[in-house]
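J.: Got a structure here, written out as structure tokens. Questions coming.
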Amino acid sequence: MHDVTVYGHHWQLRNLVQCPRRSDEVVSVNKDTCFTYNTETKQTISLLPTLEFRPVSLVATPEFVVVGGQRGEILVHKLDADEAPIGTRSGRINNCLCIHDHHGQTRLLTCNNDATIKVYSLPDMTLLHTLGFPEAVNFTAVSPDGTRMVAVGDGTVGYLYEVSASGDYFRTAEVEIGTDAGFACAWDRTSKRFATGSQDGRLRVWDVDRLHAPVLDIETRAPPRSISFSREGPELLLYSEHRGYINLIDARSFSDRQAIRVGDPNEEDHIAGTCFSPDGKTIFAATELPRMRDSCALYEYSVAVREVGS
């Protein structure tokens, strides 16, 4: 356990922990700050000047860190570069930020309560596309090969898109993710399967070649807030529940599962975010107690194949 304070400002947006570069370095936010934390040296370094807003969304890659706020604020920071952060506004609350590469062009996607996903080029923040939806969009993810995108929002449907060679986004299918709004989605390393999580406590995994029914459909103890697949190492699916638990599933067969109690077993710790390290050997999970905002911690777990389903 690490004495690190991670604090979000929206009770349903819980994807505030990232590990983009090294297994000993975590990127996160707390109130009006964005920082890196080194798990070996226990050193915290501020990445950005004191923010004029409190982030509700975060995305980090080896090259960029981007934070989003409740009034459409976006601030882009290029890592390892002596450049001032670039700021702009994107509609209403930025529920999710996603970065992906398209034939050498880095793109930022913003999911917004104005029922759009806006696509920008990085680092210049040129608006490339605006994708419209029937409802507020809460989360999106692009497949590792850059050819597909999935999005979920305040409806009960997940939207599947094709990303063309020319860089356009075409809606190709819809899937039923549950009976309530969706707040998380993710792609596996093959770009063939994706997972969705909804407010009613449904976690579903879909195969793009067989969308008539999910290949996995489970009911969670509390709504899934953060979902990710490992990119290296054992093929695992990680998801956090709103309170108390993170869960690992064998992403090959979906038959082996492990639930991990995070935080004080006598308290209702909220999960502020989870992620894998780049090599897939470590999992990070941050907790917070809503009634005690300074009672937070970052938990670090080593991954071994034998642990799943034990």
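Identifiers for the structure tokens are assigned positionally: chains receive A, B, ... in sequence, residues are indexed from 1 per chain, and ligands are indexed from 1 in the order shown.
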Write out as a VMD selection string which residues come within 9 Å of range 186-196 of chain A when counting only C-alpha atoms, dropping same-chain ones fewer than 4 positions away.

T.: chain A and resid 140 to 152 158 177 182 202 to 209 216 224 226 to 232 235 to 237 251

J.: Please provide the set of residues having any atom within 9 Å of Lys78 in chain A, restricted to only C-alpha atoms, with same-chain residues fewer than 3 positions apart removed, written as a list in words.

T.: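 Here the qualifying residues turn out to be Glu63, Phe64, Val65, Val66, Ala81, Asp82, Glu83, Ala84, Pro85, Ile86 and Pro123 of chain A.
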
J.: Could the residues in this selection be saved with N, CA, C and O atoms as a CSV table (one decimal), in the first residue's frame?

T.:
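Result saved to out_27.csv:
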```csv
chain,number,residue,atom,x,y,z
A,63,GLU,N,3.6,9.5,-24.3
A,63,GLU,CA,3.9,10.8,-24.8
A,63,GLU,C,3.0,12.0,-24.2
A,63,GLU,O,3.5,13.1,-24.1
A,64,PHE,N,1.8,11.7,-23.9
A,64,PHE,CA,0.9,12.7,-23.5
A,64,PHE,C,0.1,12.4,-22.2
A,64,PHE,O,-0.1,11.2,-21.9
A,65,VAL,N,-0.2,13.5,-21.4
A,65,VAL,CA,-1.2,13.4,-20.3
A,65,VAL,C,-2.2,14.4,-20.6
A,65,VAL,O,-1.9,15.6,-20.9
A,66,VAL,N,-3.5,14.0,-20.5
A,66,VAL,CA,-4.6,14.9,-20.7
A,66,VAL,C,-5.6,14.8,-19.6
A,66,VAL,O,-5.9,13.7,-19.2
A,81,ALA,N,8.8,17.3,-22.6
A,81,ALA,CA,8.9,18.4,-23.5
A,81,ALA,C,8.8,19.7,-22.8
A,81,ALA,O,7.9,19.8,-21.9
A,82,ASP,N,9.6,20.6,-23.1
A,82,ASP,CA,9.6,21.9,-22.4
A,82,ASP,C,8.6,22.9,-23.1
A,82,ASP,O,9.0,23.8,-23.8
A,83,GLU,N,7.3,22.5,-23.1
A,83,GLU,CA,6.3,23.2,-23.7
A,83,GLU,C,5.1,23.5,-22.8
A,83,GLU,O,4.8,22.7,-21.9
A,84,ALA,N,4.5,24.6,-22.9
A,84,ALA,CA,3.3,25.0,-22.1
A,84,ALA,C,2.2,24.0,-22.4
A,84,ALA,O,1.9,23.7,-23.6
A,85,PRO,N,1.4,23.6,-21.4
A,85,PRO,CA,0.2,22.8,-21.7
A,85,PRO,C,-0.8,23.6,-22.6
A,85,PRO,O,-0.9,24.8,-22.6
A,86,ILE,N,-1.5,22.8,-23.4
A,86,ILE,CA,-2.5,23.4,-24.3
A,86,ILE,C,-3.9,23.2,-23.7
A,86,ILE,O,-4.2,22.1,-23.4
A,123,PRO,N,-0.4,17.3,-31.0
A,123,PRO,CA,-0.7,18.1,-29.8
A,123,PRO,C,-1.4,19.4,-30.1
A,123,PRO,O,-1.7,20.2,-29.2
```

J.: Work out how far CA of Val59 in chain A is from CA of Glu174 in chain A, in Å to one decimal.

T.: 25.3 Å

J.: Can you tell me, as a VMD selection string, what residues are no more than 7 Å from Gly273 in chain A when counting only C-alpha atoms, ignoring any on the same chain fewer than 6 positions away?

T.: chain A and resid 14 to 17 226 285 to 286

J.: Just the number, please: distance in Å from CA of Ile45 in chain A to CA of Val26 in chain A, one decimal.

T.: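 Spanning CA of Ile45 in chain A to CA of Val26 in chain A is a straight-line distance of 10.5 Å.
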
J.: To test your reading of the structure, identify every residue in range 17-109 of chain A that backbone DSSP assigns to strand (DSSP E or B), and report it as a compact mmCIF listing (two decimals) with all heavy atoms, in the first residue's frame.

T.:
```
# COMPACT_ATOMS: atom_id res chain seq x y z
N VAL A 17 -6.59 6.45 -12.61
CA VAL A 17 -5.26 5.89 -12.38
C VAL A 17 -4.73 5.33 -13.69
O VAL A 17 -5.41 4.53 -14.34
CB VAL A 17 -5.28 4.79 -11.31
CG1 VAL A 17 -3.89 4.17 -11.14
CG2 VAL A 17 -5.78 5.32 -9.98
N GLN A 18 -3.54 5.76 -14.10
CA GLN A 18 -2.93 5.30 -15.35
C GLN A 18 -1.47 4.93 -15.11
O GLN A 18 -0.80 5.51 -14.25
CB GLN A 18 -3.01 6.41 -16.40
CG GLN A 18 -4.38 6.99 -16.65
CD GLN A 18 -5.13 6.26 -17.73
OE1 GLN A 18 -4.75 6.29 -18.90
NE2 GLN A 18 -6.23 5.62 -17.36
N GLU A 25 5.73 3.66 -12.16
CA GLU A 25 5.29 5.05 -12.25
C GLU A 25 3.80 5.11 -12.58
O GLU A 25 3.36 4.59 -13.60
CB GLU A 25 6.09 5.79 -13.34
CG GLU A 25 5.71 7.26 -13.46
CD GLU A 25 6.42 7.94 -14.61
OE1 GLU A 25 6.06 7.69 -15.78
OE2 GLU A 25 7.36 8.71 -14.35
N VAL A 26 3.06 5.78 -11.71
CA VAL A 26 1.61 5.92 -11.87
C VAL A 26 1.28 7.39 -12.09
O VAL A 26 1.88 8.27 -11.46
CB VAL A 26 0.87 5.39 -10.63
CG1 VAL A 26 -0.62 5.67 -10.71
CG2 VAL A 26 1.12 3.89 -10.46
N VAL A 27 0.34 7.65 -12.98
CA VAL A 27 -0.17 9.01 -13.21
C VAL A 27 -1.58 9.08 -12.64
O VAL A 27 -2.40 8.20 -12.87
CB VAL A 27 -0.18 9.36 -14.71
CG1 VAL A 27 -0.75 10.76 -14.92
CG2 VAL A 27 1.20 9.25 -15.31
N SER A 28 -1.86 10.16 -11.89
CA SER A 28 -3.19 10.29 -11.32
C SER A 28 -3.50 11.76 -11.02
O SER A 28 -2.70 12.66 -11.37
CB SER A 28 -3.33 9.45 -10.04
OG SER A 28 -4.68 9.37 -9.65
N VAL A 29 -4.64 12.00 -10.40
CA VAL A 29 -5.07 13.36 -10.07
C VAL A 29 -5.58 13.41 -8.64
O VAL A 29 -6.02 12.40 -8.08
CB VAL A 29 -6.18 13.86 -11.02
CG1 VAL A 29 -5.68 13.94 -12.45
CG2 VAL A 29 -7.42 12.97 -10.94
N ASN A 30 -5.50 14.59 -8.06
CA ASN A 30 -6.07 14.85 -6.74
C ASN A 30 -6.49 16.31 -6.67
O ASN A 30 -5.65 17.22 -6.76
CB ASN A 30 -5.05 14.55 -5.63
CG ASN A 30 -5.59 14.94 -4.26
OD1 ASN A 30 -6.77 14.76 -3.98
ND2 ASN A 30 -4.72 15.49 -3.42
N THR A 33 -4.72 19.02 -8.92
CA THR A 33 -3.36 18.66 -9.31
C THR A 33 -3.36 17.38 -10.14
O THR A 33 -4.23 16.51 -9.99
CB THR A 33 -2.44 18.44 -8.09
OG1 THR A 33 -2.95 17.34 -7.30
CG2 THR A 33 -2.38 19.69 -7.24
N CYS A 34 -2.35 17.27 -11.03
CA CYS A 34 -2.08 16.05 -11.78
C CYS A 34 -0.62 15.69 -11.52
O CYS A 34 0.26 16.55 -11.62
CB CYS A 34 -2.33 16.27 -13.27
SG CYS A 34 -1.99 14.83 -14.31
N PHE A 35 -0.35 14.43 -11.20
CA PHE A 35 0.98 14.09 -10.72
C PHE A 35 1.39 12.69 -11.17
O PHE A 35 0.57 11.88 -11.60
CB PHE A 35 1.01 14.14 -9.19
CG PHE A 35 0.08 13.16 -8.52
CD1 PHE A 35 0.50 11.87 -8.22
CD2 PHE A 35 -1.22 13.52 -8.20
CE1 PHE A 35 -0.36 10.96 -7.61
CE2 PHE A 35 -2.10 12.62 -7.59
CZ PHE A 35 -1.66 11.34 -7.30
N THR A 36 2.71 12.44 -11.05
CA THR A 36 3.23 11.08 -11.17
C THR A 36 3.70 10.64 -9.78
O THR A 36 4.17 11.46 -8.98
CB THR A 36 4.40 10.98 -12.15
OG1 THR A 36 5.48 11.80 -11.69
CG2 THR A 36 3.99 11.41 -13.54
N TYR A 37 3.58 9.34 -9.54
CA TYR A 37 4.06 8.77 -8.28
C TYR A 37 4.95 7.58 -8.62
O TYR A 37 4.56 6.69 -9.38
CB TYR A 37 2.90 8.33 -7.40
CG TYR A 37 3.34 7.59 -6.15
CD1 TYR A 37 3.88 8.29 -5.08
CD2 TYR A 37 3.22 6.21 -6.06
CE1 TYR A 37 4.30 7.61 -3.93
CE2 TYR A 37 3.63 5.54 -4.93
CZ TYR A 37 4.17 6.24 -3.86
OH TYR A 37 4.59 5.57 -2.74
N ASN A 38 6.17 7.57 -8.04
CA ASN A 38 7.09 6.47 -8.24
C ASN A 38 6.97 5.50 -7.08
O ASN A 38 7.21 5.87 -5.93
CB ASN A 38 8.54 7.00 -8.35
CG ASN A 38 9.50 5.91 -8.76
OD1 ASN A 38 9.74 4.97 -8.03
ND2 ASN A 38 10.08 6.06 -9.95
N THR A 44 6.51 11.87 -5.30
CA THR A 44 5.40 12.44 -6.08
C THR A 44 5.89 13.70 -6.77
O THR A 44 6.48 14.57 -6.14
CB THR A 44 4.21 12.77 -5.17
OG1 THR A 44 3.75 11.57 -4.54
CG2 THR A 44 3.07 13.37 -5.98
N ILE A 45 5.64 13.79 -8.07
CA ILE A 45 6.06 14.94 -8.86
C ILE A 45 4.85 15.52 -9.58
O ILE A 45 4.11 14.79 -10.25
CB ILE A 45 7.15 14.56 -9.89
CG1 ILE A 45 8.39 14.01 -9.19
CG2 ILE A 45 7.52 15.76 -10.76
CD1 ILE A 45 9.45 13.49 -10.14
N SER A 46 4.64 16.81 -9.44
CA SER A 46 3.53 17.47 -10.13
C SER A 46 3.83 17.57 -11.62
O SER A 46 4.93 17.96 -12.02
CB SER A 46 3.31 18.87 -9.55
OG SER A 46 2.27 19.53 -10.24
N SER A 57 -11.75 13.40 -15.52
CA SER A 57 -11.29 12.41 -16.48
C SER A 57 -9.80 12.59 -16.74
O SER A 57 -9.26 13.68 -16.62
CB SER A 57 -12.08 12.49 -17.78
OG SER A 57 -12.09 13.81 -18.30
N LEU A 58 -9.16 11.47 -17.09
CA LEU A 58 -7.71 11.44 -17.26
C LEU A 58 -7.35 10.39 -18.29
O LEU A 58 -7.93 9.30 -18.31
CB LEU A 58 -7.04 11.09 -15.93
CG LEU A 58 -5.56 10.68 -15.95
CD1 LEU A 58 -4.67 11.87 -16.22
CD2 LEU A 58 -5.17 10.03 -14.62
N VAL A 59 -6.39 10.71 -19.14
CA VAL A 59 -5.79 9.71 -20.01
C VAL A 59 -4.30 10.00 -20.10
O VAL A 59 -3.88 11.16 -20.15
CB VAL A 59 -6.44 9.68 -21.41
CG1 VAL A 59 -6.21 10.98 -22.16
CG2 VAL A 59 -5.92 8.50 -22.23
N ALA A 60 -3.49 8.95 -20.10
CA ALA A 60 -2.04 9.10 -20.16
C ALA A 60 -1.45 8.05 -21.10
O ALA A 60 -1.85 6.88 -21.07
CB ALA A 60 -1.42 8.98 -18.78
N PHE A 64 1.78 11.68 -23.88
CA PHE A 64 0.86 12.74 -23.47
C PHE A 64 0.13 12.39 -22.17
O PHE A 64 -0.12 11.22 -21.88
CB PHE A 64 -0.21 12.99 -24.54
CG PHE A 64 0.31 13.54 -25.83
CD1 PHE A 64 0.55 12.71 -26.91
CD2 PHE A 64 0.56 14.90 -25.97
CE1 PHE A 64 1.02 13.21 -28.11
CE2 PHE A 64 1.04 15.42 -27.17
CZ PHE A 64 1.27 14.57 -28.23
N VAL A 65 -0.22 13.45 -21.43
CA VAL A 65 -1.18 13.36 -20.33
C VAL A 65 -2.24 14.42 -20.58
O VAL A 65 -1.92 15.59 -20.85
CB VAL A 65 -0.52 13.59 -18.96
CG1 VAL A 65 -1.59 13.72 -17.87
CG2 VAL A 65 0.42 12.45 -18.63
N VAL A 66 -3.52 14.01 -20.52
CA VAL A 66 -4.63 14.93 -20.74
C VAL A 66 -5.62 14.79 -19.60
O VAL A 66 -5.94 13.67 -19.19
CB VAL A 66 -5.34 14.66 -22.08
CG1 VAL A 66 -6.39 15.74 -22.36
CG2 VAL A 66 -4.34 14.57 -23.23
N VAL A 67 -6.09 15.93 -19.08
CA VAL A 67 -7.11 15.92 -18.03
C VAL A 67 -8.32 16.71 -18.53
O VAL A 67 -8.21 17.65 -19.31
CB VAL A 67 -6.59 16.53 -16.70
CG1 VAL A 67 -5.57 15.62 -16.06
CG2 VAL A 67 -6.00 17.93 -16.93
N GLY A 68 -9.51 16.29 -18.06
CA GLY A 68 -10.75 16.95 -18.46
C GLY A 68 -11.58 17.33 -17.26
O GLY A 68 -11.53 16.67 -16.21
N GLU A 73 -13.56 21.66 -19.75
CA GLU A 73 -12.13 21.99 -19.78
C GLU A 73 -11.30 20.78 -20.24
O GLU A 73 -11.56 19.64 -19.86
CB GLU A 73 -11.63 22.43 -18.41
CG GLU A 73 -12.39 23.59 -17.80
CD GLU A 73 -13.47 23.15 -16.83
OE1 GLU A 73 -13.94 21.98 -16.95
OE2 GLU A 73 -13.86 23.95 -15.96
N ILE A 74 -10.29 21.06 -21.04
CA ILE A 74 -9.30 20.06 -21.46
C ILE A 74 -7.92 20.70 -21.37
O ILE A 74 -7.73 21.83 -21.83
CB ILE A 74 -9.53 19.58 -22.91
CG1 ILE A 74 -10.91 18.97 -23.08
CG2 ILE A 74 -8.45 18.57 -23.31
CD1 ILE A 74 -11.24 18.64 -24.52
N LEU A 75 -6.98 19.98 -20.77
CA LEU A 75 -5.60 20.47 -20.73
C LEU A 75 -4.69 19.33 -21.18
O LEU A 75 -4.73 18.23 -20.63
CB LEU A 75 -5.23 20.93 -19.32
CG LEU A 75 -3.97 21.80 -19.21
CD1 LEU A 75 -4.17 23.12 -19.97
CD2 LEU A 75 -3.64 22.09 -17.75
N VAL A 76 -3.88 19.63 -22.19
CA VAL A 76 -3.00 18.64 -22.80
C VAL A 76 -1.56 18.97 -22.43
O VAL A 76 -1.09 20.09 -22.62
CB VAL A 76 -3.15 18.65 -24.34
CG1 VAL A 76 -2.17 17.67 -24.98
CG2 VAL A 76 -4.57 18.35 -24.74
N HIS A 77 -0.85 17.96 -21.91
CA HIS A 77 0.56 18.13 -21.55
C HIS A 77 1.38 17.08 -22.29
O HIS A 77 1.10 15.89 -22.22
CB HIS A 77 0.75 17.95 -20.05
CG HIS A 77 2.19 17.96 -19.61
ND1 HIS A 77 3.04 19.01 -19.84
CD2 HIS A 77 2.93 17.02 -18.95
CE1 HIS A 77 4.23 18.74 -19.35
NE2 HIS A 77 4.19 17.53 -18.81
N LYS A 78 2.40 17.55 -23.02
CA LYS A 78 3.31 16.65 -23.71
C LYS A 78 4.45 16.31 -22.78
O LYS A 78 5.21 17.19 -22.35
CB LYS A 78 3.82 17.28 -25.00
CG LYS A 78 4.58 16.31 -25.90
CD LYS A 78 4.90 16.92 -27.25
CE LYS A 78 5.58 15.91 -28.16
NZ LYS A 78 5.90 16.49 -29.48
N ILE A 86 -1.50 22.81 -23.44
CA ILE A 86 -2.49 23.39 -24.34
C ILE A 86 -3.87 23.20 -23.74
O ILE A 86 -4.25 22.08 -23.38
CB ILE A 86 -2.42 22.75 -25.72
CG1 ILE A 86 -1.04 22.98 -26.35
CG2 ILE A 86 -3.52 23.29 -26.63
CD1 ILE A 86 -0.84 22.23 -27.65
N GLY A 87 -4.64 24.27 -23.62
CA GLY A 87 -5.96 24.19 -23.03
C GLY A 87 -7.05 24.56 -24.02
O GLY A 87 -6.83 25.37 -24.92
N THR A 88 -8.23 23.95 -23.87
CA THR A 88 -9.39 24.29 -24.68
C THR A 88 -10.64 23.85 -23.92
O THR A 88 -10.55 23.33 -22.81
CB THR A 88 -9.33 23.62 -26.07
OG1 THR A 88 -10.37 24.13 -26.90
CG2 THR A 88 -9.49 22.11 -25.96
N ARG A 89 -11.80 24.05 -24.53
CA ARG A 89 -13.06 23.59 -23.96
C ARG A 89 -13.79 22.75 -25.00
O ARG A 89 -13.70 23.02 -26.20
CB ARG A 89 -13.94 24.76 -23.51
CG ARG A 89 -13.44 25.44 -22.25
CD ARG A 89 -14.40 26.54 -21.78
NE ARG A 89 -13.89 27.19 -20.58
CZ ARG A 89 -14.18 26.81 -19.35
NH1 ARG A 89 -15.00 25.80 -19.15
NH2 ARG A 89 -13.68 27.45 -18.31
N ASN A 94 -16.54 16.58 -19.53
CA ASN A 94 -15.77 15.58 -20.27
C ASN A 94 -15.73 14.29 -19.45
O ASN A 94 -14.91 14.11 -18.56
CB ASN A 94 -14.35 16.09 -20.53
CG ASN A 94 -14.32 17.17 -21.58
OD1 ASN A 94 -14.79 16.98 -22.69
ND2 ASN A 94 -13.78 18.33 -21.23
N ASN A 95 -16.64 13.37 -19.77
CA ASN A 95 -16.77 12.14 -19.00
C ASN A 95 -15.59 11.19 -19.19
O ASN A 95 -15.25 10.42 -18.29
CB ASN A 95 -18.06 11.42 -19.39
CG ASN A 95 -19.29 12.22 -19.04
OD1 ASN A 95 -19.41 12.75 -17.94
ND2 ASN A 95 -20.23 12.31 -19.97
N CYS A 96 -14.99 11.23 -20.37
CA CYS A 96 -13.90 10.30 -20.68
C CYS A 96 -13.00 10.92 -21.72
O CYS A 96 -13.45 11.68 -22.59
CB CYS A 96 -14.48 8.97 -21.19
SG CYS A 96 -13.29 7.89 -22.01
N LEU A 97 -11.72 10.60 -21.64
CA LEU A 97 -10.72 10.99 -22.64
C LEU A 97 -10.03 9.73 -23.14
O LEU A 97 -9.72 8.83 -22.36
CB LEU A 97 -9.69 11.94 -22.03
CG LEU A 97 -10.24 13.22 -21.38
CD1 LEU A 97 -9.14 13.90 -20.57
CD2 LEU A 97 -10.79 14.16 -22.45
N CYS A 98 -9.78 9.67 -24.43
CA CYS A 98 -9.14 8.49 -25.03
C CYS A 98 -8.14 8.95 -26.08
O CYS A 98 -8.46 9.84 -26.89
CB CYS A 98 -10.22 7.59 -25.66
SG CYS A 98 -9.58 6.19 -26.64
N ILE A 99 -6.96 8.39 -26.07
CA ILE A 99 -5.93 8.71 -27.07
C ILE A 99 -5.67 7.46 -27.92
O ILE A 99 -5.52 6.36 -27.38
CB ILE A 99 -4.63 9.19 -26.41
CG1 ILE A 99 -4.84 10.54 -25.73
CG2 ILE A 99 -3.51 9.29 -27.43
CD1 ILE A 99 -3.64 11.06 -24.97
N HIS A 100 -5.62 7.65 -29.23
CA HIS A 100 -5.24 6.53 -30.09
C HIS A 100 -4.45 7.04 -31.28
O HIS A 100 -4.46 8.23 -31.61
CB HIS A 100 -6.46 5.72 -30.53
CG HIS A 100 -7.23 6.28 -31.69
ND1 HIS A 100 -7.06 5.85 -32.98
CD2 HIS A 100 -8.20 7.24 -31.74
CE1 HIS A 100 -7.89 6.51 -33.79
NE2 HIS A 100 -8.59 7.36 -33.06
N ASP A 101 -3.74 6.12 -31.91
CA ASP A 101 -2.91 6.45 -33.07
C ASP A 101 -3.61 6.04 -34.35
O ASP A 101 -4.20 4.96 -34.44
CB ASP A 101 -1.56 5.72 -32.97
CG ASP A 101 -0.67 6.00 -34.16
OD1 ASP A 101 -0.06 7.07 -34.20
OD2 ASP A 101 -0.61 5.14 -35.07
N HIS A 102 -3.58 6.93 -35.34
CA HIS A 102 -4.14 6.60 -36.65
C HIS A 102 -3.09 6.91 -37.71
O HIS A 102 -2.88 8.06 -38.09
CB HIS A 102 -5.41 7.40 -36.92
CG HIS A 102 -6.05 7.06 -38.24
ND1 HIS A 102 -6.75 5.89 -38.43
CD2 HIS A 102 -6.04 7.70 -39.42
CE1 HIS A 102 -7.17 5.85 -39.68
NE2 HIS A 102 -6.74 6.93 -40.31
N GLN A 105 -0.73 9.55 -36.82
CA GLN A 105 -1.34 10.75 -36.26
C GLN A 105 -1.95 10.42 -34.90
O GLN A 105 -2.74 9.48 -34.78
CB GLN A 105 -2.45 11.29 -37.17
CG GLN A 105 -3.12 12.55 -36.63
CD GLN A 105 -4.35 12.95 -37.45
OE1 GLN A 105 -5.27 12.16 -37.64
NE2 GLN A 105 -4.35 14.19 -37.93
N THR A 106 -1.57 11.16 -33.87
CA THR A 106 -2.12 10.95 -32.54
C THR A 106 -3.42 11.71 -32.39
O THR A 106 -3.49 12.90 -32.70
CB THR A 106 -1.12 11.40 -31.46
OG1 THR A 106 0.12 10.72 -31.64
CG2 THR A 106 -1.65 11.07 -30.07
N ARG A 107 -4.45 11.01 -31.92
CA ARG A 107 -5.78 11.61 -31.79
C ARG A 107 -6.29 11.52 -30.36
O ARG A 107 -6.04 10.54 -29.65
CB ARG A 107 -6.78 10.90 -32.72
CG ARG A 107 -6.47 11.11 -34.19
CD ARG A 107 -7.51 10.46 -35.08
NE ARG A 107 -7.39 10.90 -36.47
CZ ARG A 107 -8.25 10.62 -37.43
NH1 ARG A 107 -9.32 9.89 -37.14
NH2 ARG A 107 -8.07 11.08 -38.66
N LEU A 108 -7.01 12.57 -29.96
CA LEU A 108 -7.67 12.62 -28.67
C LEU A 108 -9.17 12.59 -28.90
O LEU A 108 -9.71 13.39 -29.66
CB LEU A 108 -7.28 13.89 -27.91
CG LEU A 108 -8.08 14.19 -26.63
CD1 LEU A 108 -7.76 13.16 -25.55
CD2 LEU A 108 -7.81 15.60 -26.14
N LEU A 109 -9.87 11.67 -28.21
CA LEU A 109 -11.32 11.59 -28.26
C LEU A 109 -11.87 12.05 -26.92
O LEU A 109 -11.39 11.62 -25.86
CB LEU A 109 -11.79 10.17 -28.55
CG LEU A 109 -11.73 9.66 -29.99
CD1 LEU A 109 -10.31 9.66 -30.53
CD2 LEU A 109 -12.33 8.27 -30.09
```

J.: Between A:His212, A:Lys31, A:Arg92, A:Arg257, which has the minimum distance to Glu176 in chain A (counting only C-alpha atoms)?

T.: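 With only C-alpha atoms as the atom set, the closest residue is A:His212.
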
J.: So the first atom is CA of Ala165 in chain A and the second is CA of Cys111 in chain A; what is the distance between them in Å, to one decimal place?

T.: 22.3 Å

J.: For Leu131 in chain A, which residue out of A:Asn112, A:Asn266, A:Gln12, A:Thr61 is the nearest one, using only C-alpha atoms?

T.: A:Asn112

J.: My list of candidates is A:Ser121, A:Leu13, A:Leu298, A:Ala136. Which is closest to Glu241 in chain A when distances are computed with only C-alpha atoms?

T.: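 So, comparing all the options, the nearest one is A:Leu13.
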